[in-house]
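Heads up, the thing below is written out as structure tokens.
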Amino acid sequence: MKKLFLLAFVLGFIFIQNNDVKAQDCDIMYFCVKYDGGEVDCSDRFTTGEITAMVRLAFPIYYTEVTIQIDKLNMSTGKFEYYDDFPFDVDADMTYIYFPGIGFDTPGFYRVFLLDTDRNTMTSALVEIIPR
């Protein structure tokens, strides 16, 4: 009986201690058609043209200048190659940021990075672009 009580106590203590677990406790990037006071049509698949990259950070961004860099998958080699980049100004205390006007002229699979001023990756995501 004593062992059963001890086991129940330990399991209860573990569950009580883990009540602060969050699904989004890290930096994340995702995409939408546009940001208009909120995300419009979030997806990971869009037609050619411009989309908006959304970023949620666990901590304030710290930097005032960042870059969105895009690499495109070369289907012949199976490797990602540099495609384009877009510089942006941000406020250092931001944790929720949208980057509009990210252009994709050709269909394919792209890897999108948020880079700091030293070109270090802060977060990244994949997106598929299909023909209009």
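Residues in the structure tokens are numbered from 1 in each chain, the chains being A, B, ... in the order shown, and ligands are numbered from 1 in the order shown.
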
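Excluding Gly49 of chain A itself and same-chain residues fewer than 4 positions from it, the residues having an atom within 9 Å of it are Gly101, Ile102, Gly103, Phe104, Asp105, Thr106, Ile129 and Arg132 of chain A, counting only C-alpha atoms.
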
Just-selected residues, N, CA, C and O atoms written as a short mmCIF file (atom, residue, chain, number, x, y, z; two decimals), in the first residue's frame:
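This went into part_9.cif:
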```cif
data_model
loop_
_atom_site.label_atom_id
_atom_site.label_comp_id
_atom_site.auth_asym_id
_atom_site.auth_seq_id
_atom_site.Cartn_x
_atom_site.Cartn_y
_atom_site.Cartn_z
N GLY A 101 5.90 41.24 -49.32
CA GLY A 101 6.55 41.44 -50.60
C GLY A 101 7.68 40.50 -50.93
O GLY A 101 8.57 40.85 -51.69
N ILE A 102 7.64 39.30 -50.38
CA ILE A 102 8.66 38.30 -50.71
C ILE A 102 8.26 37.69 -52.05
O ILE A 102 7.22 37.03 -52.15
N GLY A 103 9.07 37.93 -53.09
CA GLY A 103 8.68 37.55 -54.44
C GLY A 103 9.25 36.22 -54.91
O GLY A 103 10.42 35.91 -54.69
N PHE A 104 8.39 35.46 -55.58
CA PHE A 104 8.76 34.18 -56.18
C PHE A 104 8.28 34.19 -57.63
O PHE A 104 7.08 34.15 -57.88
N ASP A 105 9.22 34.25 -58.57
CA ASP A 105 8.88 34.35 -59.99
C ASP A 105 8.69 33.00 -60.67
O ASP A 105 8.01 32.91 -61.69
N THR A 106 9.31 31.97 -60.13
CA THR A 106 9.24 30.65 -60.77
C THR A 106 8.78 29.59 -59.78
O THR A 106 9.09 29.67 -58.59
N ILE A 129 6.11 26.81 -54.29
CA ILE A 129 5.49 27.77 -55.20
C ILE A 129 5.07 27.02 -56.46
O ILE A 129 5.87 26.31 -57.05
N ARG A 132 0.74 29.90 -61.64
CA ARG A 132 -0.58 30.54 -61.54
C ARG A 132 -1.57 29.82 -62.41
O ARG A 132 -1.37 29.37 -63.43
#
```

### Task
Going by DSSP on the backbone, which bits of chain A are helix (DSSP H, G or I)? Write them as JSON, numbers by chain, please.
{"A": [2, 3, 4, 5, 6, 7, 8, 9, 10, 11, 12, 13, 14, 15, 16, 17]}

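With only C-alpha atoms taken into account, the protein and nucleic acid residues at most 7 Å from segment 41-45 of chain A (excluding it and anything under 3 positions from it in its own chain) are Phe31, Cys32, Val33, Val127, Glu128 and Ile129 of chain A.
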
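Across the structure, atom CA of Pro131 of chain A and atom CA of Pro100 of chain A are spaced 20.0 Å apart.
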
### Message
Quick check, in Å to one decimal: how far apart do atom CA of Thr121 of chain A and atom CA of Glu50 of chain A lie?
### Response
22.0 Å

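Between atom CA of Leu115 of chain A and atom CA of Ser76 of chain A lies a distance of 26.8 Å.
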
### Message
So that I can check the surroundings of Tyr30 of chain A, please list as a PyMOL selection string every protein, DNA and RNA residue that reaches within 7 Å of it, counting only C-alpha atoms and ignoring chain neighbours fewer than 5 positions away.
### Response
chain A and resi 53-55+125

Write the residues you've just listed into a file as a tab-separated table (two decimals), in the first residue's frame, and include all heavy atoms for each of them.
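Final output, result11.tsv:
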```
chain	number	residue	atom	x	y	z
A	53	ALA	N	6.06	36.60	-45.26
A	53	ALA	CA	6.66	35.69	-44.29
A	53	ALA	C	6.32	36.20	-42.89
A	53	ALA	O	6.49	37.39	-42.59
A	53	ALA	CB	8.17	35.62	-44.47
A	54	MET	N	5.82	35.32	-42.05
A	54	MET	CA	5.47	35.64	-40.67
A	54	MET	C	6.50	34.99	-39.75
A	54	MET	O	6.90	33.85	-39.99
A	54	MET	CB	4.09	35.10	-40.33
A	54	MET	CG	2.97	35.60	-41.22
A	54	MET	SD	2.70	37.36	-41.15
A	54	MET	CE	2.36	37.61	-39.41
A	55	VAL	N	6.90	35.71	-38.70
A	55	VAL	CA	7.87	35.16	-37.75
A	55	VAL	C	7.38	35.42	-36.34
A	55	VAL	O	6.99	36.53	-36.01
A	55	VAL	CB	9.27	35.79	-37.96
A	55	VAL	CG1	10.22	35.36	-36.85
A	55	VAL	CG2	9.83	35.43	-39.31
A	125	ALA	N	12.05	28.21	-42.87
A	125	ALA	CA	10.91	27.37	-43.22
A	125	ALA	C	10.97	27.04	-44.70
A	125	ALA	O	11.69	27.68	-45.47
A	125	ALA	CB	9.60	28.07	-42.89
```

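Take the candidates A:Phe109, A:Lys34, A:Asp27, A:Thr52 and check each one against Lys72 of chain A using only C-alpha atoms; the shortest distance goes to A:Phe109.
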
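Minimum atom-to-atom distance to Gly38 of chain A, evaluated using only C-alpha atoms, belongs to A:Tyr98 out of A:Tyr98, A:Pro87, A:Met75, A:Ala92.
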
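Between Glu39 of chain A and the residues A:Tyr82, A:Phe99, A:Tyr62, A:Phe113, the shortest atom-to-atom distance, using only C-alpha atoms, involves A:Phe99.
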
### Task
Find the residues near Arg111 of chain A: any atom within 6 Å, counting only C-alpha atoms, skip ones fewer than 6 places away on the same chain, and give them as JSON, numbers by chain.
{"A": [70, 71, 125, 126]}

### Query
Neighbours of Tyr63 of chain A within 8 Å (only C-alpha atoms; same-chain residues fewer than 4 positions away dropped), as a list in words?
Val90, Asp91, Ala92, Asp116 and Thr117 of chain A

Selection file, all heavy atoms, as a PDB file, in the first residue's frame:
```
ATOM      1  N   VAL A  90      13.508  46.455 -38.660  1.00  0.00           N
ATOM      2  CA  VAL A  90      12.581  46.011 -37.629  1.00  0.00           C
ATOM      3  C   VAL A  90      12.888  46.749 -36.327  1.00  0.00           C
ATOM      4  O   VAL A  90      13.945  47.361 -36.184  1.00  0.00           O
ATOM      5  CB  VAL A  90      12.667  44.481 -37.399  1.00  0.00           C
ATOM      6  CG1 VAL A  90      12.211  43.715 -38.618  1.00  0.00           C
ATOM      7  CG2 VAL A  90      14.075  44.065 -37.011  1.00  0.00           C
ATOM      8  N   ASP A  91      11.967  46.690 -35.387  1.00  0.00           N
ATOM      9  CA  ASP A  91      12.207  47.231 -34.048  1.00  0.00           C
ATOM     10  C   ASP A  91      12.840  46.147 -33.195  1.00  0.00           C
ATOM     11  O   ASP A  91      12.416  44.983 -33.238  1.00  0.00           O
ATOM     12  CB  ASP A  91      10.905  47.699 -33.405  1.00  0.00           C
ATOM     13  CG  ASP A  91      10.307  48.901 -34.114  1.00  0.00           C
ATOM     14  OD1 ASP A  91      11.080  49.670 -34.733  1.00  0.00           O
ATOM     15  OD2 ASP A  91       9.074  49.069 -34.055  1.00  0.00           O
ATOM     16  N   ALA A  92      13.826  46.500 -32.406  1.00  0.00           N
ATOM     17  CA  ALA A  92      14.594  45.529 -31.623  1.00  0.00           C
ATOM     18  C   ALA A  92      13.767  44.757 -30.606  1.00  0.00           C
ATOM     19  O   ALA A  92      14.148  43.660 -30.202  1.00  0.00           O
ATOM     20  CB  ALA A  92      15.750  46.230 -30.917  1.00  0.00           C
ATOM     21  N   ASP A 116      20.260  37.387 -39.260  1.00  0.00           N
ATOM     22  CA  ASP A 116      20.650  38.580 -38.516  1.00  0.00           C
ATOM     23  C   ASP A 116      21.703  39.361 -39.309  1.00  0.00           C
ATOM     24  O   ASP A 116      22.013  39.009 -40.450  1.00  0.00           O
ATOM     25  CB  ASP A 116      21.129  38.215 -37.108  1.00  0.00           C
ATOM     26  CG  ASP A 116      22.415  37.401 -37.087  1.00  0.00           C
ATOM     27  OD1 ASP A 116      23.164  37.381 -38.089  1.00  0.00           O
ATOM     28  OD2 ASP A 116      22.686  36.772 -36.038  1.00  0.00           O
ATOM     29  N   THR A 117      22.254  40.402 -38.719  1.00  0.00           N
ATOM     30  CA  THR A 117      23.203  41.257 -39.437  1.00  0.00           C
ATOM     31  C   THR A 117      24.507  40.539 -39.786  1.00  0.00           C
ATOM     32  O   THR A 117      25.209  40.951 -40.712  1.00  0.00           O
ATOM     33  CB  THR A 117      23.527  42.519 -38.615  1.00  0.00           C
ATOM     34  OG1 THR A 117      23.959  42.121 -37.317  1.00  0.00           O
ATOM     35  CG2 THR A 117      22.310  43.407 -38.511  1.00  0.00           C
TER      36      THR A 117
END
```

### Task
Name the residues of segment 14-105 of chain A that come out as strand (DSSP E) in a backbone DSSP run; write them as a PyMOL selection string.
chain A and resi 28-35+39-43+45-47+49-56+65-74+79-89+96-104

Just N, CA and C atoms for this one: save the residues we selected as a short mmCIF file (atom, residue, chain, number, x, y, z; two decimals), in the first residue's frame.
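What follows is the written file part.cif:
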```
data_model
loop_
_atom_site.label_atom_id
_atom_site.label_comp_id
_atom_site.auth_asym_id
_atom_site.auth_seq_id
_atom_site.Cartn_x
_atom_site.Cartn_y
_atom_site.Cartn_z
N ILE A 28 9.66 30.49 -34.89
CA ILE A 28 8.98 29.80 -35.99
C ILE A 28 8.69 30.79 -37.11
N MET A 29 8.78 30.30 -38.35
CA MET A 29 8.44 31.07 -39.53
C MET A 29 7.36 30.33 -40.29
N TYR A 30 6.39 31.09 -40.82
CA TYR A 30 5.35 30.51 -41.65
C TYR A 30 4.91 31.57 -42.65
N PHE A 31 3.97 31.25 -43.54
CA PHE A 31 3.67 32.13 -44.65
C PHE A 31 2.17 32.37 -44.80
N CYS A 32 1.84 33.54 -45.36
CA CYS A 32 0.46 33.85 -45.70
C CYS A 32 0.45 34.74 -46.94
N VAL A 33 -0.73 34.92 -47.51
CA VAL A 33 -0.86 35.76 -48.70
C VAL A 33 -0.52 37.21 -48.35
N LYS A 34 -1.08 37.69 -47.21
CA LYS A 34 -0.78 39.05 -46.75
C LYS A 34 -1.12 39.17 -45.28
N TYR A 35 -0.63 40.24 -44.68
CA TYR A 35 -0.96 40.56 -43.29
C TYR A 35 -1.77 41.85 -43.32
N GLU A 39 -3.23 37.46 -40.15
CA GLU A 39 -2.78 36.67 -41.30
C GLU A 39 -3.95 36.32 -42.21
N VAL A 40 -3.73 36.45 -43.51
CA VAL A 40 -4.74 36.11 -44.51
C VAL A 40 -4.24 34.93 -45.32
N ASP A 41 -4.98 33.83 -45.30
CA ASP A 41 -4.69 32.63 -46.09
C ASP A 41 -3.29 32.05 -45.83
N CYS A 42 -3.06 31.58 -44.61
CA CYS A 42 -1.79 30.92 -44.27
C CYS A 42 -1.70 29.58 -44.98
N SER A 43 -0.50 29.24 -45.43
CA SER A 43 -0.28 27.97 -46.11
C SER A 43 1.21 27.74 -46.24
N ARG A 45 1.95 26.49 -49.44
CA ARG A 45 1.88 26.33 -50.90
C ARG A 45 1.15 27.53 -51.50
N PHE A 46 1.82 28.23 -52.43
CA PHE A 46 1.27 29.44 -53.04
C PHE A 46 1.58 29.45 -54.53
N THR A 47 0.88 30.31 -55.27
CA THR A 47 1.20 30.50 -56.68
C THR A 47 2.30 31.56 -56.80
N GLY A 49 4.38 34.86 -57.46
CA GLY A 49 4.05 36.22 -57.06
C GLY A 49 4.63 36.51 -55.69
N GLU A 50 4.00 37.44 -54.99
CA GLU A 50 4.49 37.85 -53.68
C GLU A 50 3.67 37.24 -52.55
N ILE A 51 4.37 36.88 -51.47
CA ILE A 51 3.71 36.41 -50.26
C ILE A 51 4.32 37.14 -49.07
N THR A 52 3.80 36.87 -47.90
CA THR A 52 4.29 37.47 -46.67
C THR A 52 4.85 36.39 -45.76
N ALA A 53 6.06 36.60 -45.26
CA ALA A 53 6.66 35.69 -44.29
C ALA A 53 6.32 36.20 -42.89
N MET A 54 5.82 35.32 -42.05
CA MET A 54 5.47 35.64 -40.67
C MET A 54 6.50 34.99 -39.75
N VAL A 55 6.90 35.71 -38.70
CA VAL A 55 7.87 35.16 -37.75
C VAL A 55 7.38 35.42 -36.34
N ARG A 56 7.37 34.37 -35.53
CA ARG A 56 7.10 34.47 -34.10
C ARG A 56 8.37 34.02 -33.38
N GLU A 65 18.04 45.59 -38.16
CA GLU A 65 18.11 45.25 -39.58
C GLU A 65 18.26 43.74 -39.71
N VAL A 66 17.44 43.14 -40.55
CA VAL A 66 17.50 41.70 -40.81
C VAL A 66 17.33 41.46 -42.30
N THR A 67 17.56 40.23 -42.72
CA THR A 67 17.41 39.86 -44.13
C THR A 67 16.60 38.59 -44.24
N ILE A 68 15.69 38.57 -45.20
CA ILE A 68 15.02 37.33 -45.59
C ILE A 68 15.77 36.81 -46.81
N GLN A 69 16.38 35.65 -46.69
CA GLN A 69 17.10 35.04 -47.82
C GLN A 69 16.33 33.83 -48.31
N ILE A 70 16.30 33.67 -49.63
CA ILE A 70 15.59 32.56 -50.25
C ILE A 70 16.57 31.70 -51.03
N ASP A 71 16.53 30.40 -50.81
CA ASP A 71 17.28 29.42 -51.60
C ASP A 71 16.27 28.53 -52.30
N LYS A 72 16.54 28.22 -53.58
CA LYS A 72 15.63 27.38 -54.37
C LYS A 72 16.25 26.00 -54.55
N LEU A 73 15.42 24.97 -54.47
CA LEU A 73 15.87 23.60 -54.67
C LEU A 73 16.14 23.37 -56.16
N ASN A 74 17.36 22.98 -56.47
CA ASN A 74 17.73 22.60 -57.84
C ASN A 74 17.38 21.12 -57.98
N LYS A 79 20.06 19.95 -54.45
CA LYS A 79 20.61 20.88 -53.47
C LYS A 79 19.94 22.24 -53.59
N PHE A 80 19.88 22.94 -52.47
CA PHE A 80 19.36 24.29 -52.48
C PHE A 80 20.44 25.27 -52.92
N GLU A 81 20.05 26.23 -53.77
CA GLU A 81 20.97 27.25 -54.26
C GLU A 81 20.38 28.62 -54.00
N TYR A 82 21.26 29.59 -53.77
CA TYR A 82 20.82 30.96 -53.50
C TYR A 82 19.89 31.44 -54.60
N TYR A 83 18.80 32.11 -54.21
CA TYR A 83 17.82 32.63 -55.17
C TYR A 83 17.68 34.15 -55.08
N ASP A 84 17.47 34.68 -53.88
CA ASP A 84 17.27 36.12 -53.71
C ASP A 84 17.31 36.46 -52.22
N ASP A 85 17.41 37.76 -51.92
CA ASP A 85 17.26 38.19 -50.52
C ASP A 85 16.59 39.55 -50.46
N PHE A 86 16.00 39.82 -49.29
CA PHE A 86 15.22 41.03 -49.07
C PHE A 86 15.60 41.62 -47.72
N PRO A 87 16.20 42.82 -47.69
CA PRO A 87 16.52 43.45 -46.40
C PRO A 87 15.29 44.12 -45.79
N PHE A 88 15.20 44.11 -44.46
CA PHE A 88 14.09 44.73 -43.75
C PHE A 88 14.61 45.44 -42.51
N ASP A 89 13.95 46.52 -42.14
CA ASP A 89 14.19 47.20 -40.87
C ASP A 89 13.11 46.74 -39.89
N TYR A 96 6.80 39.37 -32.84
CA TYR A 96 5.85 38.93 -33.86
C TYR A 96 6.00 39.90 -35.03
N ILE A 97 6.53 39.40 -36.16
CA ILE A 97 6.92 40.28 -37.26
C ILE A 97 6.40 39.72 -38.58
N TYR A 98 5.96 40.62 -39.46
CA TYR A 98 5.60 40.18 -40.80
C TYR A 98 6.50 40.88 -41.81
N PHE A 99 6.86 40.12 -42.85
CA PHE A 99 7.75 40.58 -43.90
C PHE A 99 7.02 40.46 -45.23
N PRO A 100 6.39 41.55 -45.69
CA PRO A 100 5.60 41.49 -46.93
C PRO A 100 6.48 41.60 -48.18
N GLY A 101 5.90 41.24 -49.32
CA GLY A 101 6.55 41.44 -50.60
C GLY A 101 7.68 40.50 -50.93
N ILE A 102 7.64 39.30 -50.38
CA ILE A 102 8.66 38.30 -50.71
C ILE A 102 8.26 37.69 -52.05
N GLY A 103 9.07 37.93 -53.09
CA GLY A 103 8.68 37.55 -54.44
C GLY A 103 9.25 36.22 -54.91
N PHE A 104 8.39 35.46 -55.58
CA PHE A 104 8.76 34.18 -56.18
C PHE A 104 8.28 34.19 -57.63
#
```
